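Source file: work_14.pdb; contents: PDB, N, CA and C atoms, pLDDT in the B column.
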ATOM      1  N   MET A 117     184.590 107.154 150.706  1.00 86.00           N
ATOM      2  CA  MET A 117     185.593 106.888 149.694  1.00 86.00           C
ATOM      3  C   MET A 117     185.707 108.130 148.807  1.00 86.00           C
ATOM      4  N   THR A 118     186.929 108.513 148.524  1.00 89.00           N
ATOM      5  CA  THR A 118     187.150 109.689 147.680  1.00 89.00           C
ATOM      6  C   THR A 118     187.785 109.310 146.347  1.00 89.00           C
ATOM      7  N   GLY A 119     188.054 108.057 146.155  1.00 87.00           N
ATOM      8  CA  GLY A 119     188.668 107.582 144.918  1.00 87.00           C
ATOM      9  C   GLY A 119     189.175 106.168 145.131  1.00 87.00           C
ATOM     10  N   MET A 120     189.825 105.634 144.111  1.00 91.00           N
ATOM     11  CA  MET A 120     190.352 104.270 144.194  1.00 91.00           C
ATOM     12  C   MET A 120     191.443 104.201 145.260  1.00 91.00           C
ATOM     13  N   GLY A 121     191.190 103.462 146.327  1.00 92.00           N
ATOM     14  CA  GLY A 121     192.173 103.299 147.387  1.00 92.00           C
ATOM     15  C   GLY A 121     192.395 104.534 148.240  1.00 92.00           C
ATOM     16  N   ARG A 122     191.441 105.459 148.231  1.00 94.00           N
ATOM     17  CA  ARG A 122     191.564 106.685 149.028  1.00 94.00           C
ATOM     18  C   ARG A 122     190.247 106.949 149.741  1.00 94.00           C
ATOM     19  N   ALA A 123     190.343 107.451 150.963  1.00 96.00           N
ATOM     20  CA  ALA A 123     189.145 107.744 151.749  1.00 96.00           C
ATOM     21  C   ALA A 123     189.434 108.852 152.744  1.00 96.00           C
ATOM     22  N   THR A 124     188.387 109.473 153.233  1.00 95.00           N
ATOM     23  CA  THR A 124     188.515 110.434 154.321  1.00 95.00           C
ATOM     24  C   THR A 124     187.590 109.999 155.451  1.00 95.00           C
ATOM     25  N   ALA A 125     187.971 110.342 156.644  1.00 96.00           N
ATOM     26  CA  ALA A 125     187.147 110.075 157.822  1.00 96.00           C
ATOM     27  C   ALA A 125     186.959 111.383 158.572  1.00 96.00           C
ATOM     28  N   GLU A 126     185.718 111.713 158.865  1.00 96.00           N
ATOM     29  CA  GLU A 126     185.401 112.900 159.650  1.00 96.00           C
ATOM     30  C   GLU A 126     185.020 112.438 161.043  1.00 96.00           C
ATOM     31  N   PHE A 127     185.548 113.115 162.047  1.00 95.00           N
ATOM     32  CA  PHE A 127     185.223 112.735 163.415  1.00 95.00           C
ATOM     33  C   PHE A 127     185.247 113.953 164.327  1.00 95.00           C
ATOM     34  N   THR A 128     184.618 113.802 165.470  1.00 97.00           N
ATOM     35  CA  THR A 128     184.568 114.838 166.494  1.00 97.00           C
ATOM     36  C   THR A 128     185.133 114.240 167.772  1.00 97.00           C
ATOM     37  N   TRP A 129     185.981 115.009 168.455  1.00 94.00           N
ATOM     38  CA  TRP A 129     186.586 114.519 169.688  1.00 94.00           C
ATOM     39  C   TRP A 129     186.638 115.631 170.726  1.00 94.00           C
ATOM     40  N   ALA A 130     186.751 115.220 171.973  1.00 93.00           N
ATOM     41  CA  ALA A 130     186.864 116.170 173.078  1.00 93.00           C
ATOM     42  C   ALA A 130     187.797 115.590 174.128  1.00 93.00           C
ATOM     43  N   TRP A 131     188.466 116.457 174.842  1.00 90.00           N
ATOM     44  CA  TRP A 131     189.351 116.035 175.922  1.00 90.00           C
ATOM     45  C   TRP A 131     188.535 115.426 177.062  1.00 90.00           C
ATOM     46  N   GLU A 132     189.092 114.438 177.717  1.00 93.00           N
ATOM     47  CA  GLU A 132     188.580 113.913 178.983  1.00 93.00           C
ATOM     48  C   GLU A 132     189.749 113.988 179.958  1.00 93.00           C
ATOM     49  N   PRO A 133     189.939 115.174 180.575  1.00 92.00           N
ATOM     50  CA  PRO A 133     191.129 115.373 181.406  1.00 92.00           C
ATOM     51  C   PRO A 133     191.128 114.514 182.674  1.00 92.00           C
ATOM     52  N   ASN A 134     192.335 114.085 183.038  1.00 94.00           N
ATOM     53  CA  ASN A 134     192.507 113.409 184.329  1.00 94.00           C
ATOM     54  C   ASN A 134     192.666 114.486 185.405  1.00 94.00           C
ATOM     55  N   GLN A 135     193.039 114.096 186.613  1.00 92.00           N
ATOM     56  CA  GLN A 135     193.143 115.053 187.716  1.00 92.00           C
ATOM     57  C   GLN A 135     194.154 116.162 187.407  1.00 92.00           C
ATOM     58  N   MET A 136     195.294 115.809 186.810  1.00 89.00           N
ATOM     59  CA  MET A 136     196.299 116.826 186.474  1.00 89.00           C
ATOM     60  C   MET A 136     195.756 117.759 185.390  1.00 89.00           C
ATOM     61  N   GLY A 137     195.056 117.205 184.420  1.00 88.00           N
ATOM     62  CA  GLY A 137     194.452 118.039 183.383  1.00 88.00           C
ATOM     63  C   GLY A 137     193.453 119.029 183.951  1.00 88.00           C
ATOM     64  N   GLU A 138     192.689 118.580 184.938  1.00 89.00           N
ATOM     65  CA  GLU A 138     191.734 119.484 185.583  1.00 89.00           C
ATOM     66  C   GLU A 138     192.458 120.663 186.239  1.00 89.00           C
ATOM     67  N   LEU A 139     193.593 120.381 186.877  1.00 86.00           N
ATOM     68  CA  LEU A 139     194.360 121.450 187.530  1.00 86.00           C
ATOM     69  C   LEU A 139     194.941 122.430 186.527  1.00 86.00           C
ATOM     70  N   LEU A 140     195.336 121.927 185.357  1.00 83.00           N
ATOM     71  CA  LEU A 140     196.011 122.773 184.370  1.00 83.00           C
ATOM     72  C   LEU A 140     195.087 123.296 183.275  1.00 83.00           C
ATOM     73  N   ASP A 141     193.798 123.054 183.382  1.00 91.00           N
ATOM     74  CA  ASP A 141     192.834 123.555 182.401  1.00 91.00           C
ATOM     75  C   ASP A 141     192.950 125.074 182.333  1.00 91.00           C
ATOM     76  N   ALA A 142     193.133 125.620 181.135  1.00 91.00           N
ATOM     77  CA  ALA A 142     193.308 127.065 180.964  1.00 91.00           C
ATOM     78  C   ALA A 142     192.085 127.845 181.440  1.00 91.00           C
ATOM     79  N   GLY A 143     190.940 127.199 181.533  1.00 90.00           N
ATOM     80  CA  GLY A 143     189.742 127.866 182.015  1.00 90.00           C
ATOM     81  C   GLY A 143     189.438 127.566 183.473  1.00 90.00           C
ATOM     82  N   GLY A 144     190.323 126.803 184.118  1.00 89.00           N
ATOM     83  CA  GLY A 144     190.101 126.407 185.508  1.00 89.00           C
ATOM     84  C   GLY A 144     190.524 127.474 186.502  1.00 89.00           C
ATOM     85  N   PRO A 145     190.150 127.293 187.761  1.00 91.00           N
ATOM     86  CA  PRO A 145     190.427 128.317 188.780  1.00 91.00           C
ATOM     87  C   PRO A 145     191.915 128.572 189.028  1.00 91.00           C
ATOM     88  N   LEU A 146     192.762 127.543 188.935  1.00 89.00           N
ATOM     89  CA  LEU A 146     194.189 127.751 189.174  1.00 89.00           C
ATOM     90  C   LEU A 146     194.785 128.676 188.116  1.00 89.00           C
ATOM     91  N   VAL A 147     194.548 128.365 186.856  1.00 88.00           N
ATOM     92  CA  VAL A 147     195.120 129.179 185.768  1.00 88.00           C
ATOM     93  C   VAL A 147     194.453 130.555 185.722  1.00 88.00           C
ATOM     94  N   LYS A 148     193.155 130.633 186.009  1.00 89.00           N
ATOM     95  CA  LYS A 148     192.466 131.927 186.025  1.00 89.00           C
ATOM     96  C   LYS A 148     193.010 132.843 187.125  1.00 89.00           C
ATOM     97  N   SER A 149     193.632 132.253 188.149  1.00 93.00           N
ATOM     98  CA  SER A 149     194.175 133.075 189.238  1.00 93.00           C
ATOM     99  C   SER A 149     195.465 133.789 188.833  1.00 93.00           C
ATOM    100  N   PHE A 150     196.082 133.410 187.727  1.00 92.00           N
ATOM    101  CA  PHE A 150     197.291 134.076 187.251  1.00 92.00           C
ATOM    102  C   PHE A 150     196.922 135.438 186.680  1.00 92.00           C
ATOM    103  N   ASN A 151     197.902 136.336 186.647  1.00 94.00           N
ATOM    104  CA  ASN A 151     197.620 137.625 186.017  1.00 94.00           C
ATOM    105  C   ASN A 151     197.498 137.415 184.503  1.00 94.00           C
ATOM    106  N   THR A 152     196.975 138.414 183.822  1.00 92.00           N
ATOM    107  CA  THR A 152     196.689 138.287 182.390  1.00 92.00           C
ATOM    108  C   THR A 152     197.935 137.926 181.594  1.00 92.00           C
ATOM    109  N   TRP A 153     199.057 138.561 181.879  1.00 93.00           N
ATOM    110  CA  TRP A 153     200.301 138.293 181.151  1.00 93.00           C
ATOM    111  C   TRP A 153     200.744 136.840 181.324  1.00 93.00           C
ATOM    112  N   ASP A 154     200.790 136.373 182.573  1.00 93.00           N
ATOM    113  CA  ASP A 154     201.241 135.005 182.842  1.00 93.00           C
ATOM    114  C   ASP A 154     200.278 133.978 182.239  1.00 93.00           C
ATOM    115  N   ARG A 155     199.000 134.236 182.344  1.00 90.00           N
ATOM    116  CA  ARG A 155     198.007 133.313 181.790  1.00 90.00           C
ATOM    117  C   ARG A 155     198.139 133.245 180.269  1.00 90.00           C
ATOM    118  N   GLY A 156     198.292 134.399 179.619  1.00 90.00           N
ATOM    119  CA  GLY A 156     198.471 134.429 178.170  1.00 90.00           C
ATOM    120  C   GLY A 156     199.732 133.693 177.740  1.00 90.00           C
ATOM    121  N   THR A 157     200.818 133.875 178.480  1.00 92.00           N
ATOM    122  CA  THR A 157     202.071 133.182 178.175  1.00 92.00           C
ATOM    123  C   THR A 157     201.901 131.674 178.331  1.00 92.00           C
ATOM    124  N   LEU A 158     201.237 131.257 179.390  1.00 87.00           N
ATOM    125  CA  LEU A 158     201.006 129.835 179.621  1.00 87.00           C
ATOM    126  C   LEU A 158     200.203 129.220 178.473  1.00 87.00           C
ATOM    127  N   ILE A 159     199.206 129.938 177.999  1.00 88.00           N
ATOM    128  CA  ILE A 159     198.368 129.432 176.910  1.00 88.00           C
ATOM    129  C   ILE A 159     199.118 129.474 175.584  1.00 88.00           C
ATOM    130  N   ASP A 160     199.706 130.625 175.229  1.00 91.00           N
ATOM    131  CA  ASP A 160     200.347 130.795 173.920  1.00 91.00           C
ATOM    132  C   ASP A 160     201.685 130.076 173.795  1.00 91.00           C
ATOM    133  N   LYS A 161     202.549 130.238 174.785  1.00 91.00           N
ATOM    134  CA  LYS A 161     203.912 129.705 174.678  1.00 91.00           C
ATOM    135  C   LYS A 161     204.009 128.242 175.094  1.00 91.00           C
ATOM    136  N   TYR A 162     203.232 127.864 176.107  1.00 86.00           N
ATOM    137  CA  TYR A 162     203.361 126.511 176.644  1.00 86.00           C
ATOM    138  C   TYR A 162     202.182 125.605 176.315  1.00 86.00           C
ATOM    139  N   GLY A 163     201.217 126.120 175.557  1.00 82.00           N
ATOM    140  CA  GLY A 163     200.139 125.280 175.044  1.00 82.00           C
ATOM    141  C   GLY A 163     199.105 124.818 176.050  1.00 82.00           C
ATOM    142  N   ALA A 164     198.862 125.601 177.102  1.00 83.00           N
ATOM    143  CA  ALA A 164     197.782 125.230 178.029  1.00 83.00           C
ATOM    144  C   ALA A 164     196.493 125.120 177.235  1.00 83.00           C
ATOM    145  N   LYS A 165     195.687 124.144 177.548  1.00 86.00           N
ATOM    146  CA  LYS A 165     194.476 123.862 176.777  1.00 86.00           C
ATOM    147  C   LYS A 165     193.222 124.167 177.580  1.00 86.00           C
ATOM    148  N   PHE A 166     192.143 124.433 176.866  1.00 88.00           N
ATOM    149  CA  PHE A 166     190.819 124.562 177.451  1.00 88.00           C
ATOM    150  C   PHE A 166     190.158 123.192 177.317  1.00 88.00           C
ATOM    151  N   TYR A 167     190.390 122.326 178.292  1.00 90.00           N
ATOM    152  CA  TYR A 167     189.946 120.941 178.199  1.00 90.00           C
ATOM    153  C   TYR A 167     188.439 120.768 178.236  1.00 90.00           C
ATOM    154  N   HIS A 168     187.725 121.775 178.694  1.00 89.00           N
ATOM    155  CA  HIS A 168     186.272 121.670 178.754  1.00 89.00           C
ATOM    156  C   HIS A 168     185.619 122.522 177.674  1.00 89.00           C
ATOM    157  N   GLY A 169     186.358 122.796 176.609  1.00 84.00           N
ATOM    158  CA  GLY A 169     185.822 123.573 175.503  1.00 84.00           C
ATOM    159  C   GLY A 169     184.931 122.728 174.601  1.00 84.00           C
ATOM    160  N   ASP A 170     184.467 123.318 173.537  1.00 89.00           N
ATOM    161  CA  ASP A 170     183.625 122.613 172.578  1.00 89.00           C
ATOM    162  C   ASP A 170     184.414 121.481 171.927  1.00 89.00           C
ATOM    163  N   PRO A 171     183.722 120.416 171.520  1.00 93.00           N
ATOM    164  CA  PRO A 171     184.403 119.331 170.804  1.00 93.00           C
ATOM    165  C   PRO A 171     185.053 119.852 169.523  1.00 93.00           C
ATOM    166  N   THR A 172     186.130 119.203 169.119  1.00 93.00           N
ATOM    167  CA  THR A 172     186.870 119.570 167.917  1.00 93.00           C
ATOM    168  C   THR A 172     186.478 118.646 166.776  1.00 93.00           C
ATOM    169  N   LYS A 173     186.232 119.219 165.607  1.00 96.00           N
ATOM    170  CA  LYS A 173     185.938 118.418 164.418  1.00 96.00           C
ATOM    171  C   LYS A 173     187.216 118.302 163.599  1.00 96.00           C
ATOM    172  N   ALA A 174     187.453 117.122 163.043  1.00 95.00           N
ATOM    173  CA  ALA A 174     188.667 116.891 162.257  1.00 95.00           C
ATOM    174  C   ALA A 174     188.356 115.976 161.081  1.00 95.00           C
ATOM    175  N   VAL A 175     189.202 116.058 160.060  1.00 95.00           N
ATOM    176  CA  VAL A 175     189.092 115.194 158.886  1.00 95.00           C
ATOM    177  C   VAL A 175     190.475 114.624 158.618  1.00 95.00           C
ATOM    178  N   MET A 176     190.543 113.314 158.403  1.00 95.00           N
ATOM    179  CA  MET A 176     191.809 112.642 158.091  1.00 95.00           C
ATOM    180  C   MET A 176     191.684 111.987 156.725  1.00 95.00           C
ATOM    181  N   ALA A 177     192.757 112.038 155.957  1.00 96.00           N
ATOM    182  CA  ALA A 177     192.803 111.365 154.656  1.00 96.00           C
ATOM    183  C   ALA A 177     193.587 110.066 154.804  1.00 96.00           C
ATOM    184  N   PHE A 178     193.099 109.022 154.154  1.00 96.00           N
ATOM    185  CA  PHE A 178     193.731 107.709 154.214  1.00 96.00           C
ATOM    186  C   PHE A 178     193.947 107.167 152.815  1.00 96.00           C
ATOM    187  N   ALA A 179     194.978 106.340 152.669  1.00 95.00           N
ATOM    188  CA  ALA A 179     195.267 105.675 151.403  1.00 95.00           C
ATOM    189  C   ALA A 179     195.477 104.189 151.686  1.00 95.00           C
ATOM    190  N   ARG A 180     194.947 103.353 150.813  1.00 94.00           N
ATOM    191  CA  ARG A 180     195.131 101.908 150.974  1.00 94.00           C
ATOM    192  C   ARG A 180     196.482 101.546 150.367  1.00 94.00           C
ATOM    193  N   GLU A 181     197.339 100.949 151.193  1.00 92.00           N
ATOM    194  CA  GLU A 181     198.672 100.557 150.757  1.00 92.00           C
ATOM    195  C   GLU A 181     198.851  99.062 150.966  1.00 92.00           C
ATOM    196  N   ASP A 182     200.038  98.550 150.700  1.00 92.00           N
ATOM    197  CA  ASP A 182     200.306  97.115 150.829  1.00 92.00           C
ATOM    198  C   ASP A 182     199.985  96.572 152.217  1.00 92.00           C
ATOM    199  N   LYS A 183     200.209  97.374 153.252  1.00 91.00           N
ATOM    200  CA  LYS A 183     199.986  96.933 154.637  1.00 91.00           C
ATOM    201  C   LYS A 183     198.618  97.358 155.166  1.00 91.00           C
ATOM    202  N   GLY A 184     197.703  97.763 154.314  1.00 95.00           N
ATOM    203  CA  GLY A 184     196.369  98.183 154.723  1.00 95.00           C
ATOM    204  C   GLY A 184     196.228  99.699 154.660  1.00 95.00           C
ATOM    205  N   TRP A 185     195.211 100.199 155.324  1.00 95.00           N
ATOM    206  CA  TRP A 185     194.937 101.633 155.304  1.00 95.00           C
ATOM    207  C   TRP A 185     195.952 102.376 156.165  1.00 95.00           C
ATOM    208  N   GLN A 186     196.511 103.446 155.600  1.00 94.00           N
ATOM    209  CA  GLN A 186     197.493 104.284 156.279  1.00 94.00           C
ATOM    210  C   GLN A 186     197.070 105.747 156.143  1.00 94.00           C
ATOM    211  N   ILE A 187     197.529 106.580 157.063  1.00 94.00           N
ATOM    212  CA  ILE A 187     197.278 108.018 156.923  1.00 94.00           C
ATOM    213  C   ILE A 187     197.977 108.484 155.662  1.00 94.00           C
ATOM    214  N   ALA A 188     197.231 109.191 154.815  1.00 93.00           N
ATOM    215  CA  ALA A 188     197.770 109.629 153.532  1.00 93.00           C
ATOM    216  C   ALA A 188     198.811 110.722 153.723  1.00 93.00           C
ATOM    217  N   VAL A 189     199.899 110.599 153.028  1.00 82.00           N
ATOM    218  CA  VAL A 189     200.948 111.623 153.028  1.00 82.00           C
ATOM    219  C   VAL A 189     200.659 112.546 151.863  1.00 82.00           C
ATOM    220  N   GLN A 190     200.381 113.793 152.194  1.00 68.00           N
ATOM    221  CA  GLN A 190     199.996 114.763 151.161  1.00 68.00           C
ATOM    222  C   GLN A 190     201.199 115.346 150.486  1.00 68.00           C
TER     223      GLN A 190
END

Could I get this file's structure written as C-alpha cells?
Amino acid sequence: MTGMGRATAEFTWAWEPNQMGELLDAGGPLVKSFNTWDRGTLIDKYGAKFYHGDPTKAVMAFAREDKGWQIAVQ
C-alpha cells in the first residue's frame, strides 16, 4: 500500500514461447543466420524478442475505484 486507496505491485515475468516463438527468437539459430544488418532491422524495427533472456522486473501502480482495483492512470 502506498496511500489511501493506492498500491503498487512488483513482479517478475519471463516469456514462455510456443513453437513459433522458438523459431522467431532473436537469439535462436534461424534469426542468427541472418546477416548483421537484417538481424538488427528485425530486432529494432519489427520488435523481435530474446524470449530466453533474463526475467523482466516490473512495477504497476493501482488505485481503488468504484469498480474495485484498477491500473492507476498517472

Expected selection from the PyMOL selection byres ((chain A and resi 143) around 6), given as a short mmCIF file (atom, residue, chain, number, x, y, z; two decimals) with N, CA and C atoms, in the coordinates of the input:
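File expr-v5.cif, as written:
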data_model
loop_
_atom_site.label_atom_id
_atom_site.label_comp_id
_atom_site.auth_asym_id
_atom_site.auth_seq_id
_atom_site.Cartn_x
_atom_site.Cartn_y
_atom_site.Cartn_z
N LEU A 140 195.34 121.93 185.36
CA LEU A 140 196.01 122.77 184.37
C LEU A 140 195.09 123.30 183.28
N ASP A 141 193.80 123.05 183.38
CA ASP A 141 192.83 123.56 182.40
C ASP A 141 192.95 125.07 182.33
N ALA A 142 193.13 125.62 181.14
CA ALA A 142 193.31 127.06 180.96
C ALA A 142 192.08 127.84 181.44
N GLY A 144 190.32 126.80 184.12
CA GLY A 144 190.10 126.41 185.51
C GLY A 144 190.52 127.47 186.50
N PRO A 145 190.15 127.29 187.76
CA PRO A 145 190.43 128.32 188.78
C PRO A 145 191.92 128.57 189.03
N LYS A 148 193.16 130.63 186.01
CA LYS A 148 192.47 131.93 186.02
C LYS A 148 193.01 132.84 187.12
N LYS A 165 195.69 124.14 177.55
CA LYS A 165 194.48 123.86 176.78
C LYS A 165 193.22 124.17 177.58
N PHE A 166 192.14 124.43 176.87
CA PHE A 166 190.82 124.56 177.45
C PHE A 166 190.16 123.19 177.32
N TYR A 167 190.39 122.33 178.29
CA TYR A 167 189.95 120.94 178.20
C TYR A 167 188.44 120.77 178.24
#

Contacts of Phe127 in chain A at 6 Å (all atoms listed in the file; same-chain gap of 3+ positions) as a CSV table (one decimal) with N, CA and C atoms, in the frame of the given file:
chain,number,residue,atom,x,y,z
A,172,THR,N,186.1,119.2,169.1
A,172,THR,CA,186.9,119.6,167.9
A,172,THR,C,186.5,118.6,166.8
A,173,LYS,N,186.2,119.2,165.6
A,173,LYS,CA,185.9,118.4,164.4
A,173,LYS,C,187.2,118.3,163.6
A,174,ALA,N,187.5,117.1,163.0
A,174,ALA,CA,188.7,116.9,162.3
A,174,ALA,C,188.4,116.0,161.1
A,175,VAL,N,189.2,116.1,160.1
A,175,VAL,CA,189.1,115.2,158.9
A,175,VAL,C,190.5,114.6,158.6

Which is closer to Pro133 in chain A than all the others in A:Leu146, A:Met176, A:His168, A:Gly119, using only C-alpha atoms?
A:His168

Length of the atom C of Lys183 in chain A to atom N of Ala125 in chain A vector [Å]:
16.9 Å

Quick check, in Å to one decimal: how far apart do atom C of Gly163 in chain A and atom C of Phe178 in chain A lie?
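Rounded to one decimal, the two atoms are 29.6 Å apart.
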
Can you pull out every residue from chain A that DSSP, working from the backbone, puts in helix (DSSP H, G or I), and format the result as a short mmCIF file (atom, residue, chain, number, x, y, z; two decimals) with N, CA and C atoms, keeping the file's coordinate frame?
data_model
loop_
_atom_site.label_atom_id
_atom_site.label_comp_id
_atom_site.auth_asym_id
_atom_site.auth_seq_id
_atom_site.Cartn_x
_atom_site.Cartn_y
_atom_site.Cartn_z
N GLN A 135 193.04 114.10 186.61
CA GLN A 135 193.14 115.05 187.72
C GLN A 135 194.15 116.16 187.41
N MET A 136 195.29 115.81 186.81
CA MET A 136 196.30 116.83 186.47
C MET A 136 195.76 117.76 185.39
N GLY A 137 195.06 117.20 184.42
CA GLY A 137 194.45 118.04 183.38
C GLY A 137 193.45 119.03 183.95
N GLU A 138 192.69 118.58 184.94
CA GLU A 138 191.73 119.48 185.58
C GLU A 138 192.46 120.66 186.24
N LEU A 139 193.59 120.38 186.88
CA LEU A 139 194.36 121.45 187.53
C LEU A 139 194.94 122.43 186.53
N LEU A 140 195.34 121.93 185.36
CA LEU A 140 196.01 122.77 184.37
C LEU A 140 195.09 123.30 183.28
N PRO A 145 190.15 127.29 187.76
CA PRO A 145 190.43 128.32 188.78
C PRO A 145 191.92 128.57 189.03
N LEU A 146 192.76 127.54 188.94
CA LEU A 146 194.19 127.75 189.17
C LEU A 146 194.78 128.68 188.12
N VAL A 147 194.55 128.36 186.86
CA VAL A 147 195.12 129.18 185.77
C VAL A 147 194.45 130.56 185.72
N LYS A 148 193.16 130.63 186.01
CA LYS A 148 192.47 131.93 186.02
C LYS A 148 193.01 132.84 187.12
N THR A 152 196.98 138.41 183.82
CA THR A 152 196.69 138.29 182.39
C THR A 152 197.94 137.93 181.59
N TRP A 153 199.06 138.56 181.88
CA TRP A 153 200.30 138.29 181.15
C TRP A 153 200.74 136.84 181.32
N ASP A 154 200.79 136.37 182.57
CA ASP A 154 201.24 135.00 182.84
C ASP A 154 200.28 133.98 182.24
N ARG A 155 199.00 134.24 182.34
CA ARG A 155 198.01 133.31 181.79
C ARG A 155 198.14 133.24 180.27
N GLY A 156 198.29 134.40 179.62
CA GLY A 156 198.47 134.43 178.17
C GLY A 156 199.73 133.69 177.74
N THR A 157 200.82 133.88 178.48
CA THR A 157 202.07 133.18 178.18
C THR A 157 201.90 131.67 178.33
N LEU A 158 201.24 131.26 179.39
CA LEU A 158 201.01 129.84 179.62
C LEU A 158 200.20 129.22 178.47
N ILE A 159 199.21 129.94 178.00
CA ILE A 159 198.37 129.43 176.91
C ILE A 159 199.12 129.47 175.58
N ASP A 160 199.71 130.62 175.23
CA ASP A 160 200.35 130.79 173.92
C ASP A 160 201.68 130.08 173.80
#
